[in-house]
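Okay, protein11.txt now, which holds compact mmCIF, C-alpha atoms:
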```
# COMPACT_ATOMS: atom_id res chain seq x y z
CA MET A 978 66.18 196.44 -54.56
CA ALA A 979 69.08 194.13 -55.19
CA LYS A 980 68.29 190.43 -55.48
CA PRO A 981 69.95 188.06 -53.01
CA PRO A 982 72.84 186.11 -54.48
CA VAL A 983 72.05 182.67 -55.90
CA ILE A 984 73.97 179.94 -54.10
CA PRO A 985 74.84 177.03 -56.40
CA SER A 986 73.21 173.77 -55.24
CA ALA A 987 76.62 172.14 -54.94
CA ILE A 988 77.52 174.38 -52.02
CA VAL A 989 74.16 174.59 -50.21
CA PRO A 990 75.12 174.01 -46.57
CA THR A 991 73.80 170.99 -44.68
CA HIS A 992 72.15 171.89 -41.39
CA ARG A 993 72.14 169.23 -38.69
CA ASP A 994 68.85 168.77 -36.88
CA PRO A 995 69.09 169.79 -33.19
CA TRP A 996 67.51 166.41 -32.31
CA ASN A 997 70.46 164.63 -33.88
CA ALA A 998 71.89 163.62 -30.48
CA LEU A 999 68.87 161.35 -29.93
CA ARG A 1000 69.95 159.13 -32.83
CA ARG A 1001 72.40 157.47 -30.47
CA PHE A 1002 69.44 155.83 -28.72
CA THR A 1003 67.30 154.61 -31.63
CA PRO A 1004 67.64 153.33 -35.21
CA ALA A 1005 64.50 155.30 -36.11
CA ARG A 1006 64.93 158.02 -38.72
CA ILE A 1007 64.95 161.13 -36.57
CA GLY A 1008 67.22 164.16 -36.66
CA LEU A 1009 68.00 163.73 -40.34
CA GLY A 1010 68.93 167.34 -40.88
CA ARG A 1011 68.34 169.25 -44.09
CA ALA A 1012 70.15 170.55 -47.14
CA GLY A 1013 68.30 173.53 -48.50
CA GLY A 1014 64.63 172.55 -48.67
CA SER A 1015 65.27 168.79 -48.62
CA ILE A 1016 67.05 166.12 -46.59
CA PRO A 1017 70.78 165.52 -47.07
CA THR A 1018 71.76 163.22 -49.93
CA THR A 1019 73.39 160.74 -47.54
CA GLU A 1020 70.15 160.30 -45.62
CA LEU A 1021 68.18 159.86 -48.84
CA LEU A 1022 70.58 157.18 -50.07
CA GLU A 1023 70.45 155.37 -46.72
CA PHE A 1024 66.64 155.37 -46.89
CA GLN A 1025 66.69 153.94 -50.41
CA LEU A 1026 69.17 151.26 -49.30
CA ALA A 1027 66.97 150.28 -46.35
CA HIS A 1028 63.95 150.07 -48.66
CA ALA A 1029 65.87 147.85 -51.07
CA ARG A 1030 66.96 145.54 -48.23
CA ALA A 1031 63.35 145.19 -47.07
CA ARG A 1032 62.20 144.32 -50.61
CA ASP A 1033 65.04 141.80 -51.00
CA ALA A 1034 64.06 140.15 -47.71
CA VAL A 1035 60.47 139.68 -48.89
CA HIS A 1036 61.51 138.09 -52.18
CA ARG A 1037 64.36 135.97 -50.82
CA GLU A 1038 63.93 132.17 -51.08
CA LEU A 1039 64.60 130.05 -47.99
CA ASP A 1040 67.57 127.67 -48.33
CA VAL A 1041 65.89 124.62 -46.81
CA ALA A 1042 68.80 122.26 -47.50
CA ALA A 1043 71.27 124.48 -45.63
CA LEU A 1044 68.86 124.90 -42.74
CA ARG A 1045 68.35 121.13 -42.44
CA ALA A 1046 72.11 120.64 -42.36
CA GLN A 1047 72.41 123.19 -39.56
CA LEU A 1048 69.63 121.49 -37.59
CA ALA A 1049 71.49 118.20 -37.93
CA THR A 1050 74.49 119.73 -36.16
CA LEU A 1051 72.17 120.28 -33.17
CA GLN A 1052 71.03 116.62 -33.41
CA LEU A 1053 67.55 117.79 -34.42
CA ASP A 1054 65.57 115.79 -36.98
CA SER A 1055 63.69 117.75 -39.61
CA LEU A 1056 61.12 117.45 -42.38
CA ALA A 1057 61.02 119.62 -45.52
CA LEU A 1058 57.49 120.78 -46.34
CA ALA A 1059 55.87 123.36 -48.60
CA SER A 1060 52.68 125.38 -48.64
CA ALA A 1061 50.14 125.38 -51.45
CA ALA A 1062 51.74 128.60 -52.75
CA GLY A 1063 54.05 127.05 -55.31
CA ASP A 1064 56.45 129.97 -55.71
CA ARG A 1065 57.40 133.26 -54.08
CA GLN A 1066 55.23 135.44 -56.29
CA THR A 1067 52.15 133.32 -55.58
CA PHE A 1068 52.96 133.38 -51.87
CA ILE A 1069 53.03 137.18 -51.86
CA GLN A 1070 49.82 137.52 -53.89
CA ARG A 1071 47.84 134.69 -52.23
CA PRO A 1072 48.23 134.71 -48.44
CA ASP A 1073 45.52 132.04 -48.15
CA LEU A 1074 47.67 129.49 -49.98
CA GLY A 1075 50.56 130.12 -47.63
CA ARG A 1076 48.39 128.96 -44.72
CA ILE A 1077 47.83 125.41 -45.98
CA LEU A 1078 50.14 122.56 -47.00
CA ASP A 1079 50.48 121.34 -50.55
CA GLU A 1080 49.27 117.82 -51.32
CA GLU A 1081 52.72 116.20 -51.16
CA SER A 1082 53.50 117.67 -47.75
CA ARG A 1083 50.09 116.76 -46.36
CA SER A 1084 50.48 113.19 -47.60
CA LEU A 1085 53.94 112.98 -46.02
CA LEU A 1086 52.58 113.92 -42.60
CA GLU A 1087 49.48 111.76 -42.94
CA SER A 1088 51.60 108.72 -43.79
CA ARG A 1089 53.83 109.02 -40.72
CA PRO A 1090 53.05 106.53 -37.93
CA LYS A 1091 50.98 108.09 -35.14
CA ILE A 1092 52.85 106.42 -32.29
CA GLN A 1093 52.39 109.27 -29.84
CA THR A 1094 51.23 112.83 -29.43
CA TRP A 1095 54.31 115.03 -29.31
CA ASP A 1096 54.55 117.69 -26.62
CA ALA A 1097 55.51 120.31 -29.20
CA VAL A 1098 56.60 120.81 -32.77
CA PHE A 1099 58.83 123.65 -33.94
CA VAL A 1100 57.73 124.86 -37.35
CA ILE A 1101 60.26 127.06 -39.15
CA ALA A 1102 58.84 129.02 -42.08
CA ASP A 1103 60.23 131.75 -44.31
CA GLY A 1104 57.20 134.02 -43.93
CA LEU A 1105 57.99 137.49 -45.20
CA SER A 1106 61.72 137.34 -44.43
CA ALA A 1107 63.72 134.18 -45.12
CA LEU A 1108 66.73 136.26 -44.07
CA ALA A 1109 65.38 136.43 -40.52
CA VAL A 1110 64.96 132.65 -40.38
CA GLU A 1111 68.43 131.97 -41.78
CA ARG A 1112 70.07 134.34 -39.29
CA HIS A 1113 68.13 133.76 -36.08
CA ALA A 1114 66.08 130.53 -35.96
CA LEU A 1115 69.04 128.24 -35.29
CA PRO A 1116 70.72 130.44 -32.64
CA LEU A 1117 67.40 130.66 -30.78
CA LEU A 1118 66.88 126.88 -30.88
CA ALA A 1119 70.49 126.32 -29.82
CA VAL A 1120 70.10 128.30 -26.59
CA MET A 1121 66.78 126.56 -25.80
CA GLN A 1122 67.91 123.03 -26.57
CA ALA A 1123 69.47 122.07 -23.23
CA HIS A 1124 66.46 123.36 -21.27
CA LEU A 1125 63.98 121.46 -23.45
CA ALA A 1126 65.97 118.25 -23.09
CA ARG A 1127 66.39 118.62 -19.33
CA GLU A 1128 62.67 119.23 -18.87
CA GLY A 1129 61.81 116.13 -20.88
CA TRP A 1130 59.96 117.74 -23.78
CA ARG A 1131 59.06 115.21 -26.47
CA LEU A 1132 59.68 117.20 -29.64
CA ALA A 1133 58.47 116.22 -33.07
CA PRO A 1134 60.90 116.63 -35.97
CA CYS A 1135 61.32 120.29 -36.87
CA CYS A 1136 59.16 121.12 -39.88
CA LEU A 1137 60.74 123.49 -42.40
CA VAL A 1138 58.14 125.15 -44.60
CA SER A 1139 58.77 126.99 -47.84
CA GLN A 1140 56.30 129.78 -48.66
CA GLY A 1141 54.64 129.41 -45.27
CA ARG A 1142 52.54 131.72 -43.13
CA VAL A 1143 51.74 131.49 -39.42
CA ALA A 1144 48.52 129.47 -39.67
CA ILE A 1145 50.21 126.59 -41.50
CA GLY A 1146 51.56 125.50 -38.12
CA ASP A 1147 48.00 124.59 -37.10
CA GLU A 1148 47.63 122.02 -39.87
CA ILE A 1149 51.10 120.60 -39.20
CA GLY A 1150 50.46 120.28 -35.47
CA ALA A 1151 47.14 118.55 -36.07
CA LEU A 1152 48.56 116.03 -38.56
CA LEU A 1153 51.61 114.95 -36.53
CA PRO A 1154 49.88 115.23 -33.94
CA ALA A 1155 51.42 117.65 -31.41
CA SER A 1156 49.90 119.26 -28.34
CA MET A 1157 51.55 122.57 -29.17
CA SER A 1158 53.03 124.21 -32.24
CA VAL A 1159 55.77 126.84 -32.01
CA MET A 1160 56.18 128.72 -35.26
CA LEU A 1161 59.46 130.54 -35.93
CA ILE A 1162 58.85 132.79 -38.91
CA GLY A 1163 60.26 135.82 -40.68
CA GLU A 1164 58.25 138.94 -39.91
CA ARG A 1165 57.31 141.67 -42.36
CA PRO A 1166 60.52 143.70 -42.89
CA GLY A 1167 60.75 147.26 -41.68
CA LEU A 1168 63.09 149.96 -42.87
CA THR A 1169 65.38 149.33 -39.89
CA SER A 1170 64.77 145.59 -39.48
CA PRO A 1171 64.73 143.39 -42.59
CA ASP A 1172 65.61 140.31 -40.48
CA SER A 1173 63.15 140.29 -37.57
CA LEU A 1174 62.08 136.80 -36.37
CA GLY A 1175 58.74 136.09 -34.73
CA ALA A 1176 57.69 133.16 -32.54
CA TYR A 1177 54.03 132.11 -32.41
CA LEU A 1178 52.80 129.53 -29.89
CA THR A 1179 49.47 127.70 -30.30
CA TRP A 1180 48.05 125.12 -27.89
CA ASN A 1181 46.11 122.24 -29.48
CA PRO A 1182 46.81 123.38 -33.05
CA LEU A 1183 43.93 122.77 -35.44
CA PRO A 1184 43.06 124.32 -38.81
CA GLY A 1185 40.87 127.35 -38.27
CA ARG A 1186 42.56 128.66 -35.14
CA SER A 1187 42.46 132.46 -34.91
CA ASN A 1188 45.32 134.77 -34.00
CA ALA A 1189 43.54 135.44 -30.70
CA GLU A 1190 44.35 131.82 -29.80
CA ARG A 1191 48.12 132.34 -30.17
CA ASN A 1192 50.89 134.01 -28.23
CA CYS A 1193 53.52 135.99 -30.08
CA ILE A 1194 57.07 137.09 -29.31
CA SER A 1195 58.36 139.44 -31.99
CA ASN A 1196 61.51 141.25 -33.12
CA ILE A 1197 63.88 138.43 -32.15
CA ARG A 1198 67.36 139.48 -33.29
CA PRO A 1199 70.49 140.85 -31.62
CA GLU A 1200 69.42 144.45 -32.31
CA GLY A 1201 65.94 143.81 -30.87
CA LEU A 1202 64.99 141.08 -28.40
CA GLY A 1203 68.17 139.05 -27.96
CA TYR A 1204 68.30 135.27 -28.16
CA ALA A 1205 68.63 134.69 -24.40
CA ALA A 1206 65.72 137.00 -23.54
CA ALA A 1207 63.56 135.52 -26.32
CA ALA A 1208 64.38 131.96 -25.18
CA TYR A 1209 63.48 132.85 -21.59
CA LYS A 1210 60.12 134.28 -22.65
CA LEU A 1211 59.33 131.44 -25.05
CA LEU A 1212 60.20 128.71 -22.54
CA TYR A 1213 58.01 130.48 -19.97
CA LEU A 1214 55.08 130.49 -22.40
CA MET A 1215 55.62 126.87 -23.39
CA ARG A 1216 55.64 125.71 -19.76
CA GLN A 1217 52.57 127.77 -18.89
CA SER A 1218 50.74 126.61 -22.00
CA ARG A 1219 51.43 122.94 -21.24
CA ASN A 1220 50.45 123.28 -17.57
CA ARG A 1221 47.26 125.22 -18.22
CA GLN A 1222 46.47 123.64 -21.62
CA LEU A 1223 45.69 126.91 -23.36
CA SER A 1224 47.25 129.74 -25.32
CA GLY A 1225 46.27 133.13 -26.68
CA LEU A 1226 44.39 135.86 -24.85
CA GLN A 1227 44.01 133.73 -21.72
CA LEU A 1228 47.76 133.19 -21.42
CA LYS A 1229 49.71 136.29 -20.50
CA GLU A 1230 53.44 136.64 -21.15
CA ASP A 1231 54.27 138.20 -17.80
CA ALA A 1232 57.64 136.60 -17.13
CA VAL A 1233 60.03 138.93 -15.31
CA LEU A 1234 63.32 138.94 -17.20
CA PRO A 1235 66.41 138.42 -15.05
CA GLY A 1236 69.49 140.57 -15.47
CA ALA A 1237 71.94 140.13 -18.32
CA ALA A 1238 74.46 138.19 -16.22
CA GLU A 1239 71.83 135.73 -15.00
CA LEU A 1240 70.52 135.27 -18.55
CA LEU A 1241 74.00 134.30 -19.70
CA GLU A 1242 74.22 131.78 -16.88
CA LEU A 1243 70.86 130.30 -17.88
CA PHE A 1244 71.73 130.19 -21.57
CA PRO A 1245 75.51 129.70 -21.85
CA ALA A 1246 75.22 128.70 -25.51
CA ILE A 1247 74.71 132.36 -26.33
CA ALA A 1248 78.18 133.34 -25.13
```
For the structure just supplied, provide its representation as structure tokens.
Amino acid sequence: MAKPPVIPSAIVPTHRDPWNALRRFTPARIGLGRAGGSIPTTELLEFQLAHARARDAVHRELDVAALRAQLATLQLDSLALASAAGDRQTFIQRPDLGRILDEESRSLLESRPKIQTWDAVFVIADGLSALAVERHALPLLAVMQAHLAREGWRLAPCCLVSQGRVAIGDEIGALLPASMSVMLIGERPGLTSPDSLGAYLTWNPLPGRSNAERNCISNIRPEGLGYAAAAYKLLYLMRQSRNRQLSGLQLKEDAVLPGAAELLELFPAIA
């Protein structure tokens, strides 16, 4: 029996997956197709690129000076703080150190005059994606700013934290003091989202709070939850938290989002 002809690998045809049409509706890796017994080279290279972007996001250092300058353009005061994780490698290896302030930062907050209890403090931390913070924290604050001012929120200076994790907002809120901490932090990168921002709200922040005592809004970015929608949800949670004096499992994020046109009217800074 004659053997079938050997087709050189260079001319092995690429077969598109019949599910390929669904890729218009999601960034997920579906309908990749195949080339012989493997996936097409283009899809493999795109996967490797996405993986590299996620790794870069984790290791990226937050440019605190640039962020403070941008906050100043919004007439927002800020403080530069750092966690007890002295560098990026330590931060990645020791999550516990990223949850507490270093001595210098703690002393800075302890030495500030305790004239009042602030209604809220926005804590901006690099987390696992400084890229997310650099891209999305300021646009989110910009669209919320007018509403916070009109409603009379007494905001503490924004606290910018290098090598910070979510729980560090509890210590900061307790030391200022502030009735509520709102942490804006870079989330763990995915292969389609290296720049996803998360917002974590905690009423009566104190060291030792658990994640069950927080509310979270995740995937804030234009390709995920847009700035206007995220601002609407976060303002809703902040108002409810202040009125009911609680957060976490007892506080449900059940705000009904208005339509796109109404959102743009509510948050014109996004246009």
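Closest approach to Ile1149 of chain A from the set A:Gly1013, A:Gly1063, A:Gly1225, A:Pro1184 is made by A:Pro1184, with distances taken over only C-alpha atoms.
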Which residues of segment 1128-1159 of chain A sit at most 6 Å from segment 1095-1104 of chain A, using only C-alpha atoms? Give each one's shortest atom pair and distance in Å (one decimal place), in chain and ascending residue order, as JSON lines.
```
{"residue": "A:Arg1131", "atom": "CA", "partner": "A:Asp1096", "partner_atom": "CA", "distance": 5.1}
{"residue": "A:Leu1132", "atom": "CA", "partner": "A:Ala1097", "partner_atom": "CA", "distance": 5.2}
{"residue": "A:Ala1133", "atom": "CA", "partner": "A:Val1098", "partner_atom": "CA", "distance": 5.0}
{"residue": "A:Cys1135", "atom": "CA", "partner": "A:Phe1099", "partner_atom": "CA", "distance": 5.1}
{"residue": "A:Cys1136", "atom": "CA", "partner": "A:Val1100", "partner_atom": "CA", "distance": 4.7}
{"residue": "A:Leu1137", "atom": "CA", "partner": "A:Ile1101", "partner_atom": "CA", "distance": 4.9}
{"residue": "A:Val1138", "atom": "CA", "partner": "A:Ala1102", "partner_atom": "CA", "distance": 4.7}
{"residue": "A:Gly1141", "atom": "CA", "partner": "A:Ala1102", "partner_atom": "CA", "distance": 5.3}
{"residue": "A:Arg1142", "atom": "CA", "partner": "A:Gly1104", "partner_atom": "CA", "distance": 5.3}
{"residue": "A:Ala1155", "atom": "CA", "partner": "A:Trp1095", "partner_atom": "CA", "distance": 4.4}
{"residue": "A:Ser1156", "atom": "CA", "partner": "A:Asp1096", "partner_atom": "CA", "distance": 5.2}
{"residue": "A:Met1157", "atom": "CA", "partner": "A:Ala1097", "partner_atom": "CA", "distance": 4.6}
{"residue": "A:Ser1158", "atom": "CA", "partner": "A:Val1098", "partner_atom": "CA", "distance": 5.0}
{"residue": "A:Val1159", "atom": "CA", "partner": "A:Phe1099", "partner_atom": "CA", "distance": 4.8}
```
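Here the question is which of A:Ile1069, A:Leu1056, A:Ala1042, A:Leu1009 gets nearest to Ser1106 of chain A using all atoms listed in the file, and that residue is A:Ile1069.
Here atom CA of Ala1144 of chain A is placed at a distance of 22.8 Å from atom CA of Gln1093 of chain A.
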Original post:
With all atoms listed in the file as the atoms that count, which of A:Leu1115, A:Ile1197, A:Leu1241, A:Ala998 lies nearest to Asp1172 of chain A?
Top reply: A:Ile1197
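Here atom CA of Pro1245 of chain A is placed at a distance of 22.8 Å from atom CA of Asp1054 of chain A.
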Subject >> Closest of A:Ala1123, A:Leu1168, A:Ala1176, A:Ala1206 to Gln1052 of chain A - atom-to-atom distances counting all atoms listed in the file >> reply: A:Ala1123
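Counting all atoms listed in the file and comparing A:Arg1037, A:Arg1030, A:Arg1000, A:Lys1210, the residue that lies closest to Leu1108 of chain A is A:Arg1037.
Atom pair atom CA of Glu1128 of chain A / atom CA of Ile1194 of chain A has a distance of 21.4 Å (rounded to one decimal).
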Do a neighbour search on segment 1049-1051 of chain A at 10 Å with all atoms listed in the file, toss out local chain neighbours closer than 5 positions, and write the hits as a PDB file with C-alpha atoms, keeping the file's coordinate frame.
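In the end it all went to part.pdb:
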```pdb
ATOM      1  CA  ALA A1043      71.270 124.480 -45.630  1.00  0.00           C
ATOM      2  CA  LEU A1044      68.860 124.900 -42.740  1.00  0.00           C
ATOM      3  CA  LEU A1115      69.040 128.240 -35.290  1.00  0.00           C
ATOM      4  CA  LEU A1118      66.880 126.880 -30.880  1.00  0.00           C
ATOM      5  CA  ALA A1119      70.490 126.320 -29.820  1.00  0.00           C
ATOM      6  CA  GLN A1122      67.910 123.030 -26.570  1.00  0.00           C
TER       7      GLN A1122
END
```
Residues of segment 1139-1244 of chain A that have any atom at most 12 Å from an atom of segment 1003-1006 of chain A: could you tabulate them with the shortest-distance atom pair and the distance in Å to one decimal, using only C-alpha atoms, ordered by chain and increasing number, as a Markdown table?
```
| residue | atom | partner | partner_atom | distance |
| --- | --- | --- | --- | --- |
| A:Gly1167 | CA | A:Ala1005 | CA | 10.5 |
| A:Leu1168 | CA | A:Ala1005 | CA | 8.7 |
| A:Thr1169 | CA | A:Pro1004 | CA | 6.6 |
| A:Ser1170 | CA | A:Pro1004 | CA | 9.3 |
| A:Glu1200 | CA | A:Pro1004 | CA | 9.5 |
| A:Gly1201 | CA | A:Pro1004 | CA | 10.6 |
```
Could you name the residues that touch Cys1193 of chain A at 9 Å or less, counting all atoms listed in the file, but leaving out those on the same chain fewer than 3 positions away, as a PDB file with C-alpha atoms, in the frame of the given file?
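Listing of result_14.pdb after writing:
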```pdb
ATOM      1  CA  GLY A1175      58.740 136.090 -34.730  1.00  0.00           C
ATOM      2  CA  ALA A1176      57.690 133.160 -32.540  1.00  0.00           C
ATOM      3  CA  TYR A1177      54.030 132.110 -32.410  1.00  0.00           C
ATOM      4  CA  LEU A1178      52.800 129.530 -29.890  1.00  0.00           C
ATOM      5  CA  LEU A1211      59.330 131.440 -25.050  1.00  0.00           C
ATOM      6  CA  GLY A1225      46.270 133.130 -26.680  1.00  0.00           C
ATOM      7  CA  GLU A1230      53.440 136.640 -21.150  1.00  0.00           C
TER       8      GLU A1230
END
```
